[in-house]
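Have a look at upload_17.pdb below; it lists PDB, C-alpha atoms and all ligand atoms.
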ATOM      1  CA  MET B   1      10.788  26.220 -16.075
ATOM      2  CA  ALA B   2      10.937  22.844 -14.303
ATOM      3  CA  GLN B   3       7.608  21.517 -13.129
ATOM      4  CA  SER B   4       7.183  21.368  -9.396
ATOM      5  CA  VAL B   5       5.903  18.004  -8.178
ATOM      6  CA  LEU B   6       4.674  17.166  -4.695
ATOM      7  CA  LEU B   7       5.182  13.470  -3.904
ATOM      8  CA  THR B   8       3.311  12.305  -0.806
ATOM      9  CA  GLY B   9       4.362   9.043   0.815
ATOM     10  CA  ALA B  10       7.796   9.704  -0.663
ATOM     11  CA  ALA B  11       9.635   7.500   1.841
ATOM     12  CA  GLY B  12       7.740   4.346   0.851
ATOM     13  CA  ARG B  13       8.263   1.680  -1.800
ATOM     14  CA  VAL B  14       6.313   3.296  -4.619
ATOM     15  CA  GLY B  15       7.870   6.673  -3.824
ATOM     16  CA  THR B  16      11.329   5.122  -3.933
ATOM     17  CA  ALA B  17      10.621   3.474  -7.309
ATOM     18  CA  ILE B  18       9.459   6.806  -8.736
ATOM     19  CA  LEU B  19      12.359   8.821  -7.376
ATOM     20  CA  ASP B  20      14.979   6.221  -8.331
ATOM     21  CA  GLY B  21      13.616   6.153 -11.870
ATOM     22  CA  LEU B  22      13.075   9.852 -12.444
ATOM     23  CA  VAL B  23      15.535  11.909 -10.451
ATOM     24  CA  ASP B  24      18.320  11.716 -13.046
ATOM     25  CA  GLU B  25      15.949  11.557 -16.016
ATOM     26  CA  ARG B  26      13.651  14.504 -15.422
ATOM     27  CA  GLU B  27      14.154  18.072 -14.316
ATOM     28  CA  TYR B  28      11.332  18.114 -11.835
ATOM     29  CA  GLU B  29      11.526  20.248  -8.742
ATOM     30  CA  TRP B  30      10.616  17.651  -6.150
ATOM     31  CA  ARG B  31       8.844  18.443  -2.916
ATOM     32  CA  LEU B  32       8.647  15.286  -0.868
ATOM     33  CA  LEU B  33       6.209  14.699   1.960
ATOM     34  CA  ASP B  34       5.993  11.862   4.437
ATOM     35  CA  ARG B  35       5.161  11.515   8.091
ATOM     36  CA  ASP B  36       8.383   9.557   8.505
ATOM     37  CA  PRO B  37      11.525  11.697   8.289
ATOM     38  CA  PRO B  38      14.054  10.775   5.589
ATOM     39  CA  THR B  39      16.871   8.404   6.478
ATOM     40  CA  GLU B  40      19.199   9.581   3.700
ATOM     41  CA  ASP B  41      19.826  12.548   1.393
ATOM     42  CA  GLN B  42      16.812  13.476  -0.685
ATOM     43  CA  PRO B  43      16.558  14.998  -4.165
ATOM     44  CA  GLY B  44      14.365  17.870  -3.004
ATOM     45  CA  GLU B  45      12.816  19.689  -0.077
ATOM     46  CA  PHE B  46      11.417  17.161   2.419
ATOM     47  CA  VAL B  47       8.336  18.052   4.434
ATOM     48  CA  VAL B  48       7.701  15.868   7.462
ATOM     49  CA  ALA B  49       3.932  15.997   7.904
ATOM     50  CA  ASP B  50       0.836  13.898   8.203
ATOM     51  CA  ILE B  51      -1.572  14.251   5.297
ATOM     52  CA  THR B  52      -4.454  14.657   7.721
ATOM     53  CA  ASP B  53      -2.844  17.922   8.874
ATOM     54  CA  GLU B  54      -4.699  20.390   6.641
ATOM     55  CA  GLU B  55      -2.439  23.335   7.357
ATOM     56  CA  ALA B  56       0.774  21.419   6.712
ATOM     57  CA  VAL B  57      -0.583  20.001   3.446
ATOM     58  CA  ARG B  58      -1.700  23.460   2.311
ATOM     59  CA  GLU B  59       1.799  24.808   2.954
ATOM     60  CA  ALA B  60       3.380  21.897   1.105
ATOM     61  CA  MET B  61       1.117  22.537  -1.892
ATOM     62  CA  ASP B  62       2.301  26.101  -2.436
ATOM     63  CA  GLY B  63       3.675  26.628  -5.962
ATOM     64  CA  VAL B  64       3.132  23.004  -6.967
ATOM     65  CA  ASP B  65       2.114  22.053 -10.551
ATOM     66  CA  ALA B  66       1.313  18.366 -10.055
ATOM     67  CA  VAL B  67       0.825  15.970  -7.156
ATOM     68  CA  ILE B  68       1.567  12.270  -6.952
ATOM     69  CA  HIS B  69      -0.408  11.155  -3.938
ATOM     70  CA  LEU B  70       0.864   7.894  -2.468
ATOM     71  CA  ALA B  71       0.696   8.442   1.295
ATOM     72  CA  GLY B  72      -1.617   6.069   3.063
ATOM     73  CA  ASP B  73      -1.910   2.719   4.760
ATOM     74  CA  PRO B  74      -1.035   0.117   2.062
ATOM     75  CA  ARG B  75      -2.015  -3.004   4.029
ATOM     76  CA  LYS B  76      -4.829  -5.089   2.591
ATOM     77  CA  THR B  77      -5.659  -6.008   6.189
ATOM     78  CA  ALA B  78      -5.689  -2.387   7.349
ATOM     79  CA  PRO B  79      -8.563  -1.733   9.758
ATOM     80  CA  TRP B  80     -11.183   0.973   9.309
ATOM     81  CA  GLU B  81      -9.607   2.952  12.180
ATOM     82  CA  SER B  82      -6.535   3.391   9.982
ATOM     83  CA  VAL B  83      -7.953   3.670   6.458
ATOM     84  CA  LEU B  84     -10.550   6.236   7.448
ATOM     85  CA  PRO B  85      -8.018   8.907   8.507
ATOM     86  CA  ASN B  86      -4.989   7.902   6.432
ATOM     87  CA  ASN B  87      -6.528   6.809   3.145
ATOM     88  CA  ILE B  88      -9.896   8.541   2.953
ATOM     89  CA  ASP B  89      -9.692  11.742   4.953
ATOM     90  CA  GLY B  90      -6.017  12.267   4.095
ATOM     91  CA  THR B  91      -6.825  11.934   0.407
ATOM     92  CA  ARG B  92      -9.646  14.465   0.729
ATOM     93  CA  VAL B  93      -7.221  16.871   2.412
ATOM     94  CA  VAL B  94      -4.747  16.451  -0.459
ATOM     95  CA  TYR B  95      -7.358  17.048  -3.192
ATOM     96  CA  GLU B  96      -8.835  20.028  -1.349
ATOM     97  CA  ALA B  97      -5.436  21.664  -0.846
ATOM     98  CA  ALA B  98      -4.552  20.980  -4.486
ATOM     99  CA  VAL B  99      -7.684  22.771  -5.694
ATOM    100  CA  ASP B 100      -7.117  25.720  -3.376
ATOM    101  CA  ALA B 101      -3.495  26.043  -4.507
ATOM    102  CA  GLY B 102      -4.435  25.959  -8.215
ATOM    103  CA  VAL B 103      -2.600  22.675  -8.840
ATOM    104  CA  GLU B 104      -3.291  21.283 -12.314
ATOM    105  CA  LYS B 105      -3.085  17.496 -11.855
ATOM    106  CA  VAL B 106      -3.250  14.864  -9.167
ATOM    107  CA  ALA B 107      -2.227  11.241  -9.722
ATOM    108  CA  PHE B 108      -3.768   9.093  -6.998
ATOM    109  CA  ALA B 109      -2.335   5.718  -5.969
ATOM    110  CA  SER B 110      -5.363   3.466  -6.073
ATOM    111  CA  SER B 111      -5.073  -0.290  -5.906
ATOM    112  CA  ASN B 112      -5.956  -3.636  -7.394
ATOM    113  CA  HIS B 113      -7.831  -4.146  -4.128
ATOM    114  CA  ALA B 114     -10.453  -1.589  -5.235
ATOM    115  CA  VAL B 115     -11.630  -4.323  -7.627
ATOM    116  CA  GLY B 116     -10.441  -7.442  -5.803
ATOM    117  CA  ALA B 117     -13.894  -9.028  -5.542
ATOM    118  CA  TYR B 118     -14.020  -9.572  -9.323
ATOM    119  CA  GLU B 119     -11.656 -12.455  -8.581
ATOM    120  CA  THR B 120     -14.456 -14.876  -7.832
ATOM    121  CA  ASP B 121     -14.058 -18.580  -7.098
ATOM    122  CA  GLU B 122     -15.460 -19.297 -10.576
ATOM    123  CA  ARG B 123     -12.826 -17.133 -12.314
ATOM    124  CA  THR B 124      -9.749 -18.034 -10.301
ATOM    125  CA  PRO B 125      -7.089 -19.215 -10.772
ATOM    126  CA  GLU B 126      -7.759 -19.345 -14.558
ATOM    127  CA  MET B 127      -8.001 -15.538 -14.839
ATOM    128  CA  TYR B 128      -4.396 -15.212 -13.679
ATOM    129  CA  ARG B 129      -3.184 -17.224 -16.687
ATOM    130  CA  GLU B 130      -1.951 -16.154 -20.077
ATOM    131  CA  ASP B 131      -4.646 -17.849 -22.170
ATOM    132  CA  ASP B 132      -7.553 -16.395 -20.170
ATOM    133  CA  GLN B 133      -9.387 -13.494 -21.858
ATOM    134  CA  PHE B 134     -11.050 -11.902 -18.798
ATOM    135  CA  ARG B 135     -10.104  -8.208 -18.535
ATOM    136  CA  LEU B 136     -10.948  -5.296 -16.276
ATOM    137  CA  ASP B 137     -10.377  -1.992 -18.079
ATOM    138  CA  GLY B 138     -11.257   0.727 -15.562
ATOM    139  CA  ASN B 139     -14.841   1.215 -16.744
ATOM    140  CA  GLU B 140     -16.209  -1.337 -14.283
ATOM    141  CA  LEU B 141     -17.617  -0.341 -10.902
ATOM    142  CA  PRO B 142     -15.297  -0.750  -7.910
ATOM    143  CA  ARG B 143     -15.705  -4.096  -6.191
ATOM    144  CA  PRO B 144     -13.425  -4.162  -3.148
ATOM    145  CA  GLY B 145     -12.747  -7.314  -1.207
ATOM    146  CA  ASN B 146     -11.560  -5.575   1.965
ATOM    147  CA  LEU B 147     -11.803  -2.238   3.770
ATOM    148  CA  TYR B 148      -8.458  -1.149   2.338
ATOM    149  CA  GLY B 149      -9.995  -1.621  -1.128
ATOM    150  CA  VAL B 150     -13.037   0.355   0.005
ATOM    151  CA  SER B 151     -10.729   3.212   1.024
ATOM    152  CA  LYS B 152      -9.078   3.184  -2.417
ATOM    153  CA  ALA B 153     -12.461   3.202  -4.158
ATOM    154  CA  ALA B 154     -13.360   6.177  -1.951
ATOM    155  CA  GLY B 155     -10.180   7.963  -3.066
ATOM    156  CA  GLU B 156     -11.198   7.411  -6.686
ATOM    157  CA  VAL B 157     -14.688   8.816  -6.076
ATOM    158  CA  LEU B 158     -13.253  11.809  -4.227
ATOM    159  CA  GLY B 159     -11.097  12.429  -7.290
ATOM    160  CA  ARG B 160     -14.167  12.277  -9.508
ATOM    161  CA  TYR B 161     -15.825  14.909  -7.281
ATOM    162  CA  TYR B 162     -12.819  17.242  -7.269
ATOM    163  CA  HIS B 163     -12.585  16.906 -11.041
ATOM    164  CA  ASP B 164     -16.279  17.503 -11.747
ATOM    165  CA  GLU B 165     -16.857  20.257  -9.207
ATOM    166  CA  HIS B 166     -13.463  21.957  -9.204
ATOM    167  CA  GLY B 167     -11.865  21.165 -12.567
ATOM    168  CA  LEU B 168      -8.862  19.295 -11.147
ATOM    169  CA  SER B 169      -7.307  16.784 -13.570
ATOM    170  CA  VAL B 170      -7.198  13.452 -11.759
ATOM    171  CA  VAL B 171      -5.798  10.094 -12.741
ATOM    172  CA  CYS B 172      -6.359   7.131 -10.435
ATOM    173  CA  VAL B 173      -3.762   4.440 -10.973
ATOM    174  CA  ARG B 174      -4.918   1.026  -9.767
ATOM    175  CA  ILE B 175      -1.446  -0.222  -8.966
ATOM    176  CA  GLY B 176      -0.877  -3.981  -9.162
ATOM    177  CA  ASN B 177       1.995  -5.610  -7.300
ATOM    178  CA  LEU B 178       5.151  -3.509  -7.191
ATOM    179  CA  THR B 179       8.120  -5.771  -6.600
ATOM    180  CA  GLU B 180      11.739  -4.815  -7.137
ATOM    181  CA  GLY B 181      13.932  -6.716  -9.572
ATOM    182  CA  HIS B 182      11.653  -9.609 -10.466
ATOM    183  CA  PRO B 183       7.966 -10.575 -10.305
ATOM    184  CA  PRO B 184       6.612 -12.297  -7.211
ATOM    185  CA  VAL B 185       7.756 -15.904  -7.041
ATOM    186  CA  ASP B 186       5.195 -18.764  -6.865
ATOM    187  CA  TYR B 187       2.319 -16.283  -6.885
ATOM    188  CA  GLU B 188       0.228 -16.347 -10.054
ATOM    189  CA  ARG B 189      -1.937 -13.394  -9.061
ATOM    190  CA  GLY B 190       1.121 -11.285  -8.299
ATOM    191  CA  GLN B 191       2.747 -12.228 -11.602
ATOM    192  CA  ALA B 192      -0.412 -11.189 -13.481
ATOM    193  CA  MET B 193      -0.350  -7.762 -11.844
ATOM    194  CA  TRP B 194       3.385  -7.205 -11.526
ATOM    195  CA  LEU B 195       4.563  -3.618 -11.852
ATOM    196  CA  SER B 196       8.311  -3.300 -12.189
ATOM    197  CA  TYR B 197      10.125  -0.382 -10.602
ATOM    198  CA  ARG B 198      11.067   1.138 -13.962
ATOM    199  CA  ASP B 199       7.565   0.815 -15.390
ATOM    200  CA  CYS B 200       6.216   2.366 -12.201
ATOM    201  CA  ALA B 201       8.507   5.398 -12.546
ATOM    202  CA  HIS B 202       7.645   5.762 -16.232
ATOM    203  CA  LEU B 203       3.892   5.458 -15.572
ATOM    204  CA  PHE B 204       3.870   8.188 -12.932
ATOM    205  CA  ASP B 205       6.085  10.333 -15.160
ATOM    206  CA  ARG B 206       3.374  10.040 -17.826
ATOM    207  CA  CYS B 207       0.793  11.050 -15.187
ATOM    208  CA  ILE B 208       2.743  14.276 -14.733
ATOM    209  CA  GLN B 209       3.243  14.919 -18.449
ATOM    210  CA  ALA B 210      -0.010  13.846 -20.120
ATOM    211  CA  ASP B 211      -3.251  15.818 -20.411
ATOM    212  CA  TYR B 212      -6.434  14.236 -19.080
ATOM    213  CA  ASP B 213      -9.681  15.053 -17.315
ATOM    214  CA  TYR B 214     -10.628  12.162 -14.989
ATOM    215  CA  GLU B 215      -9.198   8.720 -15.593
ATOM    216  CA  ILE B 216      -8.919   5.325 -13.965
ATOM    217  CA  VAL B 217      -6.076   3.221 -15.334
ATOM    218  CA  TYR B 218      -4.322   0.032 -14.318
ATOM    219  CA  GLY B 219      -0.697   0.171 -13.258
ATOM    220  CA  ILE B 220       0.920  -3.103 -14.263
ATOM    221  CA  SER B 221       3.805  -4.050 -16.532
ATOM    222  CA  ASP B 222       3.189  -5.539 -19.982
ATOM    223  CA  ASN B 223       2.715  -9.015 -18.531
ATOM    224  CA  ASP B 224       1.676 -11.962 -20.710
ATOM    225  CA  ARG B 225      -0.492 -13.074 -17.825
ATOM    226  CA  LYS B 226      -2.929 -10.278 -17.134
ATOM    227  CA  TYR B 227      -6.529  -9.569 -16.235
ATOM    228  CA  TYR B 228      -6.155  -5.796 -16.227
ATOM    229  CA  SER B 229      -6.101  -3.962 -19.529
ATOM    230  CA  ILE B 230      -3.369  -1.356 -19.908
ATOM    231  CA  GLU B 231      -4.868   0.057 -23.118
ATOM    232  CA  ARG B 232      -6.338   3.138 -21.459
ATOM    233  CA  ALA B 233      -2.997   3.947 -19.828
ATOM    234  CA  ARG B 234      -1.334   3.593 -23.226
ATOM    235  CA  GLU B 235      -3.931   5.757 -25.010
ATOM    236  CA  VAL B 236      -4.431   8.545 -22.527
ATOM    237  CA  LEU B 237      -1.076   8.702 -20.784
ATOM    238  CA  GLY B 238       1.284   7.384 -23.455
ATOM    239  CA  TYR B 239       2.371   4.580 -21.104
ATOM    240  CA  GLU B 240       4.884   2.261 -22.774
ATOM    241  CA  PRO B 241       5.912  -0.422 -20.284
ATOM    242  CA  GLN B 242       9.147  -2.316 -20.895
ATOM    243  CA  ASP B 243       8.816  -5.229 -18.487
ATOM    244  CA  ASN B 244       6.863  -8.496 -18.492
ATOM    245  CA  SER B 245       6.563 -10.995 -15.667
ATOM    246  CA  ALA B 246       6.921 -13.836 -18.177
ATOM    247  CA  GLY B 247      10.373 -15.348 -18.519
ATOM    248  CA  HIS B 248      11.560 -14.691 -14.969
ATOM    249  CA  ASP B 249      11.188 -18.272 -13.708
TER
HETATM  250  N1  LIG Q 301       3.287  -1.331  -3.283
HETATM  251  C1  LIG Q 301       2.273  -1.774  -4.018
HETATM  252  O1  LIG Q 301       2.381  -2.818  -4.682
HETATM  253  C2  LIG Q 301       0.987  -1.021  -4.073
HETATM  254  C3  LIG Q 301       0.806   0.196  -3.446
HETATM  255  N2  LIG Q 301      -0.380   0.873  -3.572
HETATM  256  C4  LIG Q 301      -0.587   2.176  -2.941
HETATM  257  O2  LIG Q 301       0.545   2.993  -3.184
HETATM  258  C5  LIG Q 301       0.788   3.831  -2.075
HETATM  259  C6  LIG Q 301       2.213   3.646  -1.595
HETATM  260  O3  LIG Q 301       2.369   2.299  -1.206
HETATM  261  P1  LIG Q 301       3.782   1.713  -0.736
HETATM  262  O4  LIG Q 301       4.855   2.630  -1.178
HETATM  263  O5  LIG Q 301       3.805   0.305  -1.111
HETATM  264  O6  LIG Q 301       3.578   1.800   0.837
HETATM  265  P2  LIG Q 301       4.675   2.204   1.923
HETATM  266  O7  LIG Q 301       4.085   1.872   3.248
HETATM  267  O8  LIG Q 301       6.000   1.658   1.554
HETATM  268  O9  LIG Q 301       4.698   3.781   1.743
HETATM  269  C7  LIG Q 301       3.653   4.609   2.188
HETATM  270  C8  LIG Q 301       4.280   5.862   2.780
HETATM  271  O10 LIG Q 301       3.220   6.729   3.162
HETATM  272  C9  LIG Q 301       3.544   7.271   4.430
HETATM  273  N3  LIG Q 301       2.286   7.580   5.099
HETATM  274  C10 LIG Q 301       1.320   6.710   5.475
HETATM  275  N4  LIG Q 301       0.317   7.378   6.051
HETATM  276  C11 LIG Q 301       0.660   8.694   6.045
HETATM  277  C12 LIG Q 301       0.021   9.869   6.513
HETATM  278  N5  LIG Q 301      -1.158   9.817   7.133
HETATM  279  N6  LIG Q 301       0.656  11.052   6.321
HETATM  280  C13 LIG Q 301       1.871  11.104   5.717
HETATM  281  N7  LIG Q 301       2.530  10.009   5.279
HETATM  282  C14 LIG Q 301       1.917   8.819   5.438
HETATM  283  C15 LIG Q 301       4.333   6.201   5.154
HETATM  284  O11 LIG Q 301       5.175   6.782   6.155
HETATM  285  C16 LIG Q 301       5.118   5.561   4.022
HETATM  286  O12 LIG Q 301       6.403   6.143   3.863
HETATM  287  C17 LIG Q 301      -0.241   3.468  -1.019
HETATM  288  O13 LIG Q 301      -1.298   4.398  -1.081
HETATM  289  C18 LIG Q 301      -0.701   2.098  -1.429
HETATM  290  O14 LIG Q 301      -2.027   1.869  -1.023
HETATM  291  C19 LIG Q 301      -1.415   0.383  -4.314
HETATM  292  C20 LIG Q 301      -1.310  -0.831  -4.913
HETATM  293  C21 LIG Q 301      -0.107  -1.630  -4.847
HETATM  294  O1  LIG Q 302      -2.625  -2.502  -2.820
HETATM  295  C1  LIG Q 302      -1.716  -3.296  -2.619
HETATM  296  O2  LIG Q 302      -1.583  -4.363  -3.443
HETATM  297  C2  LIG Q 302      -0.365  -5.097  -3.514
HETATM  298  C3  LIG Q 302      -0.674  -6.432  -4.184
HETATM  299  O3  LIG Q 302      -1.662  -7.078  -3.431
HETATM  300  P1  LIG Q 302      -1.463  -8.566  -2.894
HETATM  301  O4  LIG Q 302      -2.768  -8.903  -2.248
HETATM  302  O5  LIG Q 302      -1.197  -9.411  -4.105
HETATM  303  O6  LIG Q 302      -0.294  -8.571  -1.948
HETATM  304  C4  LIG Q 302       0.230  -5.258  -2.120
HETATM  305  O7  LIG Q 302       1.448  -5.971  -2.182
HETATM  306  C5  LIG Q 302       0.428  -3.886  -1.537
HETATM  307  O8  LIG Q 302       1.008  -3.943  -0.230
HETATM  308  C6  LIG Q 302      -0.892  -3.185  -1.413
HETATM  309  O9  LIG Q 302      -0.701  -1.847  -1.011
END
In structure tokens, what does this structure look like?
Amino acid sequence: MAQSVLLTGAAGRVGTAILDGLVDEREYEWRLLDRDPPTEDQPGEFVVADITDEEAVREAMDGVDAVIHLAGDPRKTAPWESVLPNNIDGTRVVYEAAVDAGVEKVAFASSNHAVGAYETDERTPEMYREDDQFRLDGNELPRPGNLYGVSKAAGEVLGRYYHDEHGLSVVCVRIGNLTEGHPPVDYERGQAMWLSYRDCAHLFDRCIQADYDYEIVYGISDNDRKYYSIERAREVLGYEPQDNSAGHD
């Protein structure tokens, strides 16, 4: 039987990359959720709801095997008044409803900004370059450089709690810079953390398919320039990225 997957934040950029890459490739039964109604035909049932609405999220979770949780405020400048409800409380609501519905796995869209403060003046810009050996691998403590990053670190810790106390399988994907078609231009940091649309779709597909307990992995393509290791994503999820920001100049 096809696995049923709830995709929150389905109308956004990451949601679009995932759906574009997987709809014809995989026989998932998609349930899509976003507070913004769809503007075109969708490949599954579309629930218009806010993730802070506990009852609506519970209903959307019914019969679901796995959740890809993307909904939230993605702005690095997002104020506390927005990240507290949308990114922190909304994420708690999603995990809680997943546990209550007996969902097996949740993949949480974390961010490079959960660890942005590792990019110190002493390390940059050298760490964005190919010959630099500095790597973050997911074992380091969060070190956010803004309140958005704090909210993503909170989502990761909530996932740890729902795994340890309730047995939910959780993978937190610290997504780099998702840009369609080509890596960011004239932006070394963005090139080091580029995630192509097809690698993004493949990575979240692996989050649905693989078995894990609690994991933090980096979501970037196989870039020559990098300061995030993708080894854990390869080992645990079977992630095999095809793109590289090198060679796009
Ligand atoms: N695009 C990127 O490069 C990166 C994205 N991320 C994370 O990935 C996730 C998706 O990001 P994007 O697709 O780029 O953002 P986006 O803004 O394009 O999509 C987010 C979607 O979530 C929905 N949403 C926001 N708050 C909601 C709420 N309270 N209830 C229901 N729906 C809500 C919005 O309507 C929107 O469709 C976010 O959590 C973001 O923090 C993390 C790192 C990098
Ligand atoms: O978490 C996010 O990170 C990406 C990349 O960060 P940036 O500081 O290099 O722009 C960002 O584009 C995205 O909007 C955000 O959600």
- request: Taking the file as shown, find all residues satisfying the PyMOL selection byres (((chain B and resi 50) around 9) and not hetatm) and write them as a PyMOL selection string.
  value: chain B and resi 33-36+48-49+51-54+56-57+71+86+90
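With all atoms listed in the file as the atoms that count, the minimum distance from Asp211 in chain B to the choices B:Asp199, B:Glu104, B:Glu231, B:Glu165 is reached by B:Glu104.
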query: Which neighbours of range 200-206 of chain B fall inside 6 Å, counting all atoms listed in the file, when residues of the same chain fewer than 3 positions from it are skipped, and could you give them as an NGL selection string?
result: :B and (17-18 or 21 or 197 or 209-210 or 237 or 239)
Where does the PyMOL selection byres (((chain B and resi 135) around 7) and not hetatm) land in this file, that is, which residues does it pick, as a CSV table (one decimal) with C-alpha atoms, keeping the file's coordinate frame?
chain,number,residue,atom,x,y,z
B,133,GLN,CA,-9.4,-13.5,-21.9
B,134,PHE,CA,-11.0,-11.9,-18.8
B,136,LEU,CA,-10.9,-5.3,-16.3
B,137,ASP,CA,-10.4,-2.0,-18.1
B,227,TYR,CA,-6.5,-9.6,-16.2
B,228,TYR,CA,-6.2,-5.8,-16.2
B,229,SER,CA,-6.1,-4.0,-19.5
Padding 5 Å on every side, please: axis-aligned box over the listed atoms of ligand LIG 302 (chain Q), centre and edge lengths to one decimal in Å, as JSON.
{"center_x": -0.7, "center_y": -5.6, "center_z": -2.2, "size_x": 14.2, "size_y": 17.6, "size_z": 14.0}
Closest atom pairs, residues of chain B within 9 Å of ligand LIG 302 (chain Q), all atoms listed in the file, as a tab-separated table:
residue	atom	partner	partner_atom	distance
B:Gly72	CA	Q:LIG302	O9	8.9
B:Asp73	CA	Q:LIG302	O9	7.5
B:Pro74	CA	Q:LIG302	O9	3.7
B:Arg75	CA	Q:LIG302	O8	5.3
B:Lys76	CA	Q:LIG302	C6	5.9
B:Ala109	CA	Q:LIG302	O1	8.8
B:Ser110	CA	Q:LIG302	O1	7.3
B:Ser111	CA	Q:LIG302	O1	4.5
B:Asn112	CA	Q:LIG302	O1	5.8
B:His113	CA	Q:LIG302	O1	5.6
B:Ala114	CA	Q:LIG302	O1	8.2
B:Gly116	CA	Q:LIG302	O4	8.6
B:Tyr148	CA	Q:LIG302	O1	7.9
B:Gly149	CA	Q:LIG302	O1	7.6
B:Lys152	CA	Q:LIG302	O1	8.6
B:Arg174	CA	Q:LIG302	O1	8.1
B:Ile175	CA	Q:LIG302	O1	6.7
B:Gly176	CA	Q:LIG302	C3	5.6
B:Asn177	CA	Q:LIG302	C3	4.2
B:Leu178	CA	Q:LIG302	O7	6.7
B:Thr179	CA	Q:LIG302	O7	8.0
B:Pro184	CA	Q:LIG302	O5	8.9
B:Tyr187	CA	Q:LIG302	O5	8.2
B:Arg189	CA	Q:LIG302	O5	6.4
B:Gly190	CA	Q:LIG302	O5	5.1
B:Gln191	CA	Q:LIG302	O5	8.9
B:Met193	CA	Q:LIG302	C3	7.8
B:Trp194	CA	Q:LIG302	C3	8.4
